[in-house]
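Here is the structure we will look at.
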Amino acid sequence: MNMETGEVIDILLVEDNPGDVFLIKEALSDGKIRNELHVVTDGEEATEYLYKQGRHMGAHRPELILLDLNLPRKSGREVLEEIKADPELKSIPVVVLTTSKAEEDILKSYNLHANCYITKPVDLEQFLNVVKSIEDFWLTIVKLPSRADMRRK
Amino acid sequence: MWKKPEIPPAVNAAIIGAMTIAVFLLDHSLPLGYSIWLLYLVPIAYAFSVRMNILYLTAAATLLITIEFFIARPGVSPSVSLANRSLGIILLWIFSYIVMKRRHAEERSMMARKESEELRNRLASIVETSDEAIIGKSLDGVIQTWNTGAEEMYGYSAGEAVGRPVSILVPPGYPNEIPKILERIAKGEHIGHYETVRMRKDGERIFVSISISPVKDENGRIAGAATIAHDITERKRLEESLRNTLSELDRSNKELEQFAYVASHDLQEPLRMVSSYVQLLARKYSEKLDGKALEYIDFAVDGADRMKKLIEGLLAYSRVSRGTGPGKVNTADIFDGAVSNLRASIEENQAAVIKEGPLPEVYGDGTQLLQLFQNLIGNAIKFRRPDVPPVVRVSAGRKGQDWVFAIKDNGIGIDPKYYDRVFLIFQRLHSRQEYPGTGIGLALCKRIVESHGGRIWIESGQGSGSAFFFTIPAQEEPDEYGNGRGYRHSARGG
């Protein structure tokens, strides 16, 4: 949708581990799509960003959210719950990207309407591939509601 | 009633004899004595009053009256005399009969009174010596009787307790349920085994189990209540300590689960960082690094990878007790699942995994059994001889109450001296270069088999392959009639 216009796609990354932030940036920097990765490091800040509060006054509504589950202050589950309960935000795809393989985390995330759940691979190559796949799938293959449509709602 | 005469029986017999003879002589000497023989009633009455048998005396009087009929001087015509004497004899017997009847009734009632007295004494001594506190109280809650059990239990003596309200036993600040209970008692209800708290004289609180029954007076009206109290303080204390232990166990289980979660997430996170960044280093700076540096990086990555497998293995081991829950499981399906999960390894090793004969349906946890089959078959493929393609045979047979499963291979086998050791966690028999692994797999198998109530063992000879055996009780889910045993063979697969 934005390919034609060349518009920059906003991705919100909620991740407290700087190592992972760097790796995801690394993976996305090779991507075909021009994107702007906005990083927040805890659940509180994620909500502030999404509601354009505080220092995120001028924030753009993201097209995709990458969400870690274990976060300081407010957990990823709570953030997910808030997003999916908000009529303005719930259409934004949320990709849960976490270390946990626990069944209960997976089930709970889908019950909270996560759009998909991905366990971070240990192997670097696989990790980079996974992030690229996310980008490919959600930003080029999948058709999402356009921003204009969203505003009309 | 009678006064008990102090006269000895011999004297009484003499008196009666004398009186009888006197009447006989009087009868003999008085020719006109129409009814002299009625005086025989006097010795008979006397005999009765001293509790002697009056039947013989009556018989004797009958005899004497008859004799006199023949030998007495006739003052009246023989027919009148005969009529008189016959009437007299009849009267004597009627008198004797009535008197005897009366005595028997008296004796019976005496006996009954004695028995009831004995019974009462016996009951009283049971009540008195009972360890239970047995308390009688009026319908307005005033203590009327108080046994030694009550003295022991509550610390008040009978003298202190009797006459005081039973509410002295209710601890202050504790709802006094006694009036309500007495109301129910007054309606004739029985209150059985309710547990409450009571206070001893010294203020100590005790737990008691109390039964209360209405007590009726002789007119059948409810006049009071009898309470039997049993001290259950010790039992309560044990229950309390058991509850504490259970909640402690529950808490520690929760902590363990929390630990498992931490292991799955928080331990892996830094590990992933180490691994990823060492690999990133190799990728981005490979031209600046020499061969040695790249080799170091390989070791670091390998170490991180092993660490990850260890953590995952530990996690699986710690979670065996949870599983997906028991149910009917067809082990033929489990076998297929394990083979399918191991496809990559089977193809890579050109292995043959053969199901020999049918595999039964068992009662167990499907996820765990899949893990068990997968680990054992996976091991059988892994520990292959380098030049021989692996062949793994899986079979099951019934032995008594158990199904015995066998997984046999043609691999390197295990030295019998290690048969027990292989099932210990982190125990390995080979270097990682020869055969990679964490040393958790078989420990996990053992834990799964044991959690199903079975056992696992090895039979093998060096070089001729290994045979792993394990048992699962052939016990179905208990049916609605409570019959837990009795397995219907389902000959699926094979």
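Ligands are numbered from 1 in the order shown, chains are lettered A, B, ... in the order of the structure tokens, and residues start at 1 in each chain.
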
Where does chain A meet chain B within 8 Å, residue by residue, with the nearest atom pair and distance in Å to one decimal for each, counting only C-alpha atoms, listed by chain and rising number, as a tab-separated table?
residue	atom	partner	partner_atom	distance
A:Gly19	CA	B:Met273	CA	6.4
A:Asp20	CA	B:Met273	CA	7.6
A:Thr99	CA	B:His265	CA	5.6
A:Ser100	CA	B:His265	CA	5.1
A:Lys101	CA	B:Ser264	CA	7.0
A:Ala102	CA	B:Tyr261	CA	7.3
A:Pro121	CA	B:Arg272	CA	7.9
A:Val122	CA	B:Arg272	CA	5.0
A:Asp123	CA	B:Ser276	CA	6.3
A:Leu124	CA	B:Ser276	CA	4.7

With N, CA, C and O atoms retained, write the just-selected residues as an mmCIF file, in the first residue's frame.
data_model
loop_
_atom_site.group_PDB
_atom_site.id
_atom_site.type_symbol
_atom_site.label_atom_id
_atom_site.label_comp_id
_atom_site.auth_asym_id
_atom_site.auth_seq_id
_atom_site.Cartn_x
_atom_site.Cartn_y
_atom_site.Cartn_z
ATOM 1 N N GLY A 19 20.163 -5.707 23.255
ATOM 2 C CA GLY A 19 20.768 -6.663 22.337
ATOM 3 C C GLY A 19 19.789 -7.064 21.248
ATOM 4 O O GLY A 19 20.123 -7.093 20.060
ATOM 5 N N ASP A 20 18.554 -7.360 21.672
ATOM 6 C CA ASP A 20 17.528 -7.745 20.704
ATOM 7 C C ASP A 20 17.143 -6.565 19.816
ATOM 8 O O ASP A 20 16.896 -6.738 18.620
ATOM 9 N N THR A 99 11.076 -14.767 24.135
ATOM 10 C CA THR A 99 11.940 -15.936 24.371
ATOM 11 C C THR A 99 11.131 -17.131 24.842
ATOM 12 O O THR A 99 11.547 -18.257 24.688
ATOM 13 N N SER A 100 9.974 -16.851 25.452
ATOM 14 C CA SER A 100 9.216 -17.912 26.121
ATOM 15 C C SER A 100 8.626 -18.907 25.138
ATOM 16 O O SER A 100 8.043 -18.544 24.125
ATOM 17 N N LYS A 101 8.808 -20.209 25.489
ATOM 18 C CA LYS A 101 8.162 -21.261 24.706
ATOM 19 C C LYS A 101 7.004 -21.842 25.498
ATOM 20 O O LYS A 101 6.418 -22.835 25.091
ATOM 21 N N ALA A 102 6.714 -21.239 26.654
ATOM 22 C CA ALA A 102 5.720 -21.827 27.559
ATOM 23 C C ALA A 102 4.337 -21.834 26.922
ATOM 24 O O ALA A 102 3.897 -20.839 26.358
ATOM 25 N N PRO A 121 14.498 -17.267 17.935
ATOM 26 C CA PRO A 121 15.454 -18.375 17.786
ATOM 27 C C PRO A 121 16.797 -18.008 18.414
ATOM 28 O O PRO A 121 17.176 -16.835 18.458
ATOM 29 N N VAL A 122 17.504 -19.021 18.909
ATOM 30 C CA VAL A 122 18.807 -18.774 19.520
ATOM 31 C C VAL A 122 19.848 -18.498 18.440
ATOM 32 O O VAL A 122 20.725 -17.645 18.588
ATOM 33 N N ASP A 123 19.698 -19.210 17.347
ATOM 34 C CA ASP A 123 20.682 -19.070 16.281
ATOM 35 C C ASP A 123 20.512 -17.724 15.572
ATOM 36 O O ASP A 123 19.409 -17.317 15.220
ATOM 37 N N LEU A 124 21.623 -17.031 15.374
ATOM 38 C CA LEU A 124 21.585 -15.685 14.787
ATOM 39 C C LEU A 124 20.933 -15.705 13.414
ATOM 40 O O LEU A 124 20.053 -14.903 13.120
#

Original post:
Near Pro172 (chain B), counting only C-alpha atoms, which residues have an atom at most 12 Å away, once you skip same-chain residues fewer than 5 positions from it, shown as a VMD selection string?
Top reply: chain B and resid 167 197 to 200 203 to 205

Original post:
If you count only C-alpha atoms, which residues fall within 6 Å of Asn35 (chain A), apart from same-chain ones fewer than 6 positions away, as an MDAnalysis selection string?
Top reply: chainID A and resid 8:10

**OP:** Can you list, as a PyMOL selection string, all residues belonging to region 6-129 of chain A that DSSP tags as strand (DSSP E or B)?
**Re:** chain A and resi 9-14+35-40+64-67+94-98+116-119

Selection to disk with N, CA and C atoms, as an mmCIF file, in the first residue's frame:
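Result file is result_39.cif:
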data_model
loop_
_atom_site.group_PDB
_atom_site.id
_atom_site.type_symbol
_atom_site.label_atom_id
_atom_site.label_comp_id
_atom_site.auth_asym_id
_atom_site.auth_seq_id
_atom_site.Cartn_x
_atom_site.Cartn_y
_atom_site.Cartn_z
ATOM 1 N N ILE A 9 7.118 3.242 6.493
ATOM 2 C CA ILE A 9 6.233 2.467 7.371
ATOM 3 C C ILE A 9 6.733 2.538 8.794
ATOM 4 N N ASP A 10 5.798 2.839 9.703
ATOM 5 C CA ASP A 10 6.177 2.933 11.117
ATOM 6 C C ASP A 10 5.972 1.597 11.810
ATOM 7 N N ILE A 11 7.026 1.123 12.455
ATOM 8 C CA ILE A 11 6.933 -0.108 13.240
ATOM 9 C C ILE A 11 7.261 0.254 14.681
ATOM 10 N N LEU A 12 6.402 -0.212 15.591
ATOM 11 C CA LEU A 12 6.694 0.021 17.011
ATOM 12 C C LEU A 12 7.291 -1.258 17.586
ATOM 13 N N LEU A 13 8.487 -1.134 18.135
ATOM 14 C CA LEU A 13 9.125 -2.289 18.780
ATOM 15 C C LEU A 13 9.103 -2.065 20.286
ATOM 16 N N VAL A 14 8.444 -2.963 21.004
ATOM 17 C CA VAL A 14 8.416 -2.878 22.473
ATOM 18 C C VAL A 14 9.352 -3.958 22.989
ATOM 19 N N ASN A 35 11.399 1.579 6.342
ATOM 20 C CA ASN A 35 10.623 1.581 7.588
ATOM 21 C C ASN A 35 11.289 2.435 8.631
ATOM 22 N N GLU A 36 10.491 2.858 9.547
ATOM 23 C CA GLU A 36 11.033 3.592 10.679
ATOM 24 C C GLU A 36 10.686 2.798 11.928
ATOM 25 N N LEU A 37 11.740 2.355 12.617
ATOM 26 C CA LEU A 37 11.525 1.545 13.807
ATOM 27 C C LEU A 37 11.531 2.445 15.039
ATOM 28 N N HIS A 38 10.410 2.483 15.730
ATOM 29 C CA HIS A 38 10.333 3.250 16.979
ATOM 30 C C HIS A 38 10.469 2.275 18.127
ATOM 31 N N VAL A 39 11.416 2.529 18.993
ATOM 32 C CA VAL A 39 11.673 1.574 20.081
ATOM 33 C C VAL A 39 11.226 2.151 21.414
ATOM 34 N N VAL A 40 10.421 1.420 22.132
ATOM 35 C CA VAL A 40 10.121 1.762 23.533
ATOM 36 C C VAL A 40 10.540 0.561 24.367
ATOM 37 N N LEU A 64 2.610 -1.748 12.434
ATOM 38 C CA LEU A 64 2.910 -3.081 12.964
ATOM 39 C C LEU A 64 3.534 -2.899 14.350
ATOM 40 N N ILE A 65 3.162 -3.776 15.262
ATOM 41 C CA ILE A 65 3.761 -3.717 16.605
ATOM 42 C C ILE A 65 4.479 -5.040 16.873
ATOM 43 N N LEU A 66 5.756 -4.952 17.244
ATOM 44 C CA LEU A 66 6.511 -6.133 17.691
ATOM 45 C C LEU A 66 6.595 -6.037 19.205
ATOM 46 N N LEU A 67 6.050 -7.033 19.880
ATOM 47 C CA LEU A 67 5.868 -6.918 21.326
ATOM 48 C C LEU A 67 6.550 -8.063 22.068
ATOM 49 N N VAL A 94 -0.367 -7.172 15.893
ATOM 50 C CA VAL A 94 0.619 -7.279 16.975
ATOM 51 C C VAL A 94 1.312 -8.631 16.859
ATOM 52 N N VAL A 95 2.620 -8.591 16.684
ATOM 53 C CA VAL A 95 3.414 -9.813 16.624
ATOM 54 C C VAL A 95 4.125 -9.959 17.964
ATOM 55 N N VAL A 96 3.755 -11.023 18.690
ATOM 56 C CA VAL A 96 4.439 -11.273 19.957
ATOM 57 C C VAL A 96 5.759 -11.969 19.633
ATOM 58 N N LEU A 97 6.843 -11.348 20.050
ATOM 59 C CA LEU A 97 8.186 -11.856 19.741
ATOM 60 C C LEU A 97 8.903 -11.999 21.074
ATOM 61 N N THR A 98 9.044 -13.241 21.527
ATOM 62 C CA THR A 98 9.510 -13.424 22.902
ATOM 63 C C THR A 98 10.408 -14.644 23.014
ATOM 64 N N CYS A 116 0.123 -12.949 15.881
ATOM 65 C CA CYS A 116 0.899 -14.178 15.848
ATOM 66 C C CYS A 116 1.910 -14.188 16.981
ATOM 67 N N TYR A 117 2.413 -15.365 17.253
ATOM 68 C CA TYR A 117 3.314 -15.558 18.387
ATOM 69 C C TYR A 117 4.574 -16.222 17.865
ATOM 70 N N ILE A 118 5.710 -15.588 18.091
ATOM 71 C CA ILE A 118 6.968 -16.130 17.581
ATOM 72 C C ILE A 118 7.980 -16.215 18.720
ATOM 73 N N THR A 119 8.643 -17.381 18.827
ATOM 74 C CA THR A 119 9.710 -17.535 19.809
ATOM 75 C C THR A 119 11.029 -17.143 19.151
#

**OP:** Tell me which protein, DNA and RNA residues are within 12 Å of Thr66 (chain B), counting only C-alpha atoms, leaving out same-chain ones fewer than 2 positions away, and put them as a list of chain:residue names.
**Re:** B:Phe24, B:Asp27, B:His28, B:Trp37, B:Ala59, B:Ala60, B:Ala61, B:Thr62, B:Leu63, B:Leu64, B:Glu68, B:Phe69, B:Phe70, B:Ile71, B:Ala72, B:Ser81, B:Leu82, B:Ala83, B:Asn84, B:Arg85, B:Ser86, B:Leu87, B:Gly88, B:Ile89
